[in-house]
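A.B. asks: Take this structure first; my questions come after.
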Amino acid sequence: MPHTSPTALIFELSGCLVDFGARTLPVALQRLYPQRERPALANTVELALASILGAVPDTAQLQALQLTLSEVAGEHGELTPGAAQLLAALHGNGIPCAWLDALPADASLRLAEALPTAVEAVVTSQTRCWPAPDSCWQALSQLGVERLDGCIVVSGNPLLLQAGLNAGCWTIGLAACGPLCGYAPADWHALDVSAQERLRADATLQLYRLGVHSVIDHLGEIDASLEDIGIRRSKGEKP
């Protein structure tokens, strides 16, 4: 941990703590609609389904997707690199943390079963969806955090990172393990170095253009980002 410790950390669950590549939603949609193209990044499951269908989904279609999401989540609940070590360090230092996710609660909780350390789950069904800041503020309130100073949002999802920026938090973007690259671990490692570098560079550039304060591949590289944010805070810098 840096000399100026974070006040609290908010993580996205899929594509950050677990499910390298944030594959749960794309795989579920592919199983239900194998002939359709992968949808663009959407801030809700309903919008992602509507993008696939080209129309507003009906109740039966939404229920089918929710069931499939829970099934797929059971297959993708694997920790990302560095997640276990980071959560243990945060717990040991008494730094509160929570996770958010745009997936339905059933699927999110299936993914969260892989977490080795208790992390506060924040269900945000009553808040405005990302990039509105509501869910970030709800998470900090649920953690009992009394000030925004030193609060950090960590995600590979531009929508949640924008929500973190809108909430007044520091932000750390994840290029390789989030939805912008969108590869499962085995598929990512099967790519040649030049393909990895191209995907990583595109994702990194997109996140920095958003205004994210630091960008890394995955949580195994987060120490330098936390140290940098700590130094910037010690100098009086605000997010």
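Each chain in the structure tokens gets a letter, A, B and so on, in the order shown; residues start at 1 in every chain, and ligands are counted from 1 in the order they appear.
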Wanna dump the stretch 124-162 of chain A-stretch 86-104 of chain A contacts at 9 Å for me, each residue with its shortest atom pair and the distance in Å to one decimal, counting only C-alpha atoms, ordered by chain and number, as CSV?
C.D. replies:
residue,atom,partner,partner_atom,distance
A:Thr124,CA,A:Leu100,CA,7.8
A:Ser125,CA,A:Pro104,CA,8.7
A:Cys129,CA,A:Ala102,CA,8.2
A:Trp130,CA,A:Ala102,CA,8.5
A:Ser135,CA,A:Leu100,CA,7.8
A:Cys136,CA,A:Leu100,CA,8.2
A:Ala139,CA,A:Ala98,CA,6.6
A:Leu140,CA,A:Ala98,CA,8.2
A:Gln142,CA,A:Ala98,CA,8.7
A:Leu143,CA,A:Pro96,CA,6.6
A:Gly144,CA,A:Pro96,CA,8.8
A:Val145,CA,A:Pro96,CA,8.3
A:Leu160,CA,A:Asp101,CA,8.9
A.B. asks: Give me the residues near stretch 204-220 of chain A as a PyMOL selection string, where near means some atom within 8 Å (using only C-alpha atoms) and where sequence neighbours in that chain fewer than 4 positions away do not count.
C.D. replies: chain A and resi 16-17+80-83+86+158+161-162+165+170-177+200+225+239
A.B. asks: What's around A:Leu109 at 9 Å? Count only C-alpha atoms, leave out sequence neighbours fewer than 6 positions away in its own chain, and write the answer as a list in words.
C.D. replies: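 Here the answer would be Ser70, Ala73 and Ala121 of chain A.
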A.B. asks: Residues of the last selection are to be written out with all heavy atoms, as an mmCIF file, in the first residue's frame.
C.D. replies:
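Final output, result-v1.cif:
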data_model
loop_
_atom_site.group_PDB
_atom_site.id
_atom_site.type_symbol
_atom_site.label_atom_id
_atom_site.label_comp_id
_atom_site.auth_asym_id
_atom_site.auth_seq_id
_atom_site.Cartn_x
_atom_site.Cartn_y
_atom_site.Cartn_z
ATOM 1 N N SER A 70 -26.906 -16.537 -15.546
ATOM 2 C CA SER A 70 -26.562 -17.244 -14.314
ATOM 3 C C SER A 70 -25.766 -18.506 -14.614
ATOM 4 O O SER A 70 -24.803 -18.839 -13.903
ATOM 5 C CB SER A 70 -27.833 -17.589 -13.529
ATOM 6 O OG SER A 70 -28.465 -16.413 -13.067
ATOM 7 N N ALA A 73 -22.269 -17.394 -15.763
ATOM 8 C CA ALA A 73 -21.512 -16.851 -14.630
ATOM 9 C C ALA A 73 -20.877 -17.969 -13.818
ATOM 10 O O ALA A 73 -19.755 -17.829 -13.315
ATOM 11 C CB ALA A 73 -22.416 -15.995 -13.752
ATOM 12 N N ALA A 121 -20.989 -6.214 -1.405
ATOM 13 C CA ALA A 121 -21.740 -6.226 -2.659
ATOM 14 C C ALA A 121 -22.730 -5.073 -2.647
ATOM 15 O O ALA A 121 -23.432 -4.865 -1.654
ATOM 16 C CB ALA A 121 -22.489 -7.556 -2.816
#
A.B. asks: Could you give me, as a ChimeraX atom specification, each residue of stretch 110-214 of chain A that DSSP assigns to strand (DSSP E) when run on this structure's backbone?
C.D. replies: /A:120-121,151-155,170-174,214
A.B. asks: Pull all heavy atoms from the residues just selected and write them as a compact mmCIF listing (two decimals), in the first residue's frame.
C.D. replies:
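Final file, out-v2.txt:
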# COMPACT_ATOMS: atom_id res chain seq x y z
N GLU A 120 -17.83 -6.05 0.04
CA GLU A 120 -19.19 -5.55 0.09
C GLU A 120 -19.83 -5.59 -1.29
O GLU A 120 -19.27 -5.07 -2.26
CB GLU A 120 -19.20 -4.13 0.62
CG GLU A 120 -20.57 -3.56 0.91
CD GLU A 120 -21.10 -3.98 2.28
OE1 GLU A 120 -20.30 -4.47 3.10
OE2 GLU A 120 -22.31 -3.80 2.49
N ALA A 121 -20.99 -6.21 -1.41
CA ALA A 121 -21.74 -6.23 -2.66
C ALA A 121 -22.73 -5.07 -2.65
O ALA A 121 -23.43 -4.86 -1.65
CB ALA A 121 -22.49 -7.56 -2.82
N CYS A 151 -11.02 8.16 -2.62
CA CYS A 151 -11.87 7.07 -3.09
C CYS A 151 -11.55 6.79 -4.56
O CYS A 151 -11.45 7.71 -5.37
CB CYS A 151 -13.35 7.43 -2.92
SG CYS A 151 -13.84 7.60 -1.19
N ILE A 152 -11.41 5.51 -4.90
CA ILE A 152 -10.93 5.11 -6.22
C ILE A 152 -11.89 4.10 -6.83
O ILE A 152 -12.29 3.13 -6.18
CB ILE A 152 -9.52 4.49 -6.13
CG1 ILE A 152 -8.54 5.46 -5.46
CG2 ILE A 152 -9.01 4.10 -7.51
CD1 ILE A 152 -7.17 4.85 -5.16
N VAL A 153 -12.24 4.32 -8.09
CA VAL A 153 -13.04 3.37 -8.86
C VAL A 153 -12.12 2.64 -9.83
O VAL A 153 -11.35 3.27 -10.56
CB VAL A 153 -14.17 4.09 -9.64
CG1 VAL A 153 -14.89 3.11 -10.57
CG2 VAL A 153 -15.16 4.72 -8.66
N VAL A 154 -12.19 1.30 -9.83
CA VAL A 154 -11.32 0.47 -10.66
C VAL A 154 -12.19 -0.37 -11.58
O VAL A 154 -13.04 -1.14 -11.11
CB VAL A 154 -10.43 -0.45 -9.80
CG1 VAL A 154 -9.42 -1.18 -10.69
CG2 VAL A 154 -9.71 0.34 -8.71
N SER A 155 -11.98 -0.26 -12.89
CA SER A 155 -12.81 -0.99 -13.84
C SER A 155 -12.17 -0.94 -15.22
O SER A 155 -11.34 -0.08 -15.50
CB SER A 155 -14.22 -0.36 -13.90
OG SER A 155 -14.99 -0.94 -14.92
N TRP A 170 -11.15 9.23 -7.87
CA TRP A 170 -10.02 8.84 -8.69
C TRP A 170 -10.41 7.58 -9.46
O TRP A 170 -11.29 6.83 -9.02
CB TRP A 170 -8.80 8.55 -7.81
CG TRP A 170 -8.25 9.76 -7.11
CD1 TRP A 170 -8.58 10.19 -5.86
CD2 TRP A 170 -7.29 10.68 -7.61
NE1 TRP A 170 -7.87 11.32 -5.56
CE2 TRP A 170 -7.07 11.65 -6.60
CE3 TRP A 170 -6.58 10.77 -8.80
CZ2 TRP A 170 -6.18 12.70 -6.76
CZ3 TRP A 170 -5.68 11.83 -8.97
CH2 TRP A 170 -5.48 12.78 -7.96
N THR A 171 -9.75 7.33 -10.59
CA THR A 171 -10.11 6.18 -11.42
C THR A 171 -8.86 5.47 -11.93
O THR A 171 -7.87 6.10 -12.28
CB THR A 171 -10.96 6.61 -12.63
OG1 THR A 171 -10.30 7.67 -13.32
CG2 THR A 171 -12.35 7.05 -12.20
N ILE A 172 -8.95 4.14 -11.96
CA ILE A 172 -7.91 3.30 -12.54
C ILE A 172 -8.57 2.39 -13.57
O ILE A 172 -9.48 1.62 -13.23
CB ILE A 172 -7.19 2.45 -11.47
CG1 ILE A 172 -6.48 3.36 -10.45
CG2 ILE A 172 -6.18 1.51 -12.12
CD1 ILE A 172 -5.87 2.60 -9.27
N GLY A 173 -8.16 2.51 -14.82
CA GLY A 173 -8.74 1.71 -15.89
C GLY A 173 -7.94 0.44 -16.13
O GLY A 173 -6.72 0.42 -15.98
N LEU A 174 -8.64 -0.61 -16.51
CA LEU A 174 -8.01 -1.90 -16.82
C LEU A 174 -8.15 -2.16 -18.31
O LEU A 174 -9.27 -2.29 -18.83
CB LEU A 174 -8.68 -3.02 -16.02
CG LEU A 174 -8.75 -2.83 -14.50
CD1 LEU A 174 -9.49 -3.99 -13.85
CD2 LEU A 174 -7.34 -2.70 -13.91
N SER A 214 -5.25 6.62 -14.38
CA SER A 214 -4.19 5.65 -14.58
C SER A 214 -4.77 4.45 -15.32
O SER A 214 -5.95 4.12 -15.13
CB SER A 214 -3.60 5.20 -13.23
OG SER A 214 -2.58 4.24 -13.40
A.B. asks: Could you check how far atom CA of A:Gln66 sits from atom CA of A:Ala186, in Å to one decimal?
C.D. replies: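 Rounded to one decimal, the two atoms are 25.6 Å apart.
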A.B. asks: What does the structure give for the distance between atom CA of A:Gly77 and atom CA of A:Pro179, in Å to one decimal?
C.D. replies: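 Computing it gives 15.5 Å between the two atoms.
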A.B. asks: According to DSSP computed on the backbone, where in stretch 9-180 of chain A is there alpha helix (DSSP H)? Give the residues as a PyMOL selection string.
C.D. replies: chain A and resi 24-32+45-53+59-76+83-92+105-112+134-143+158-167
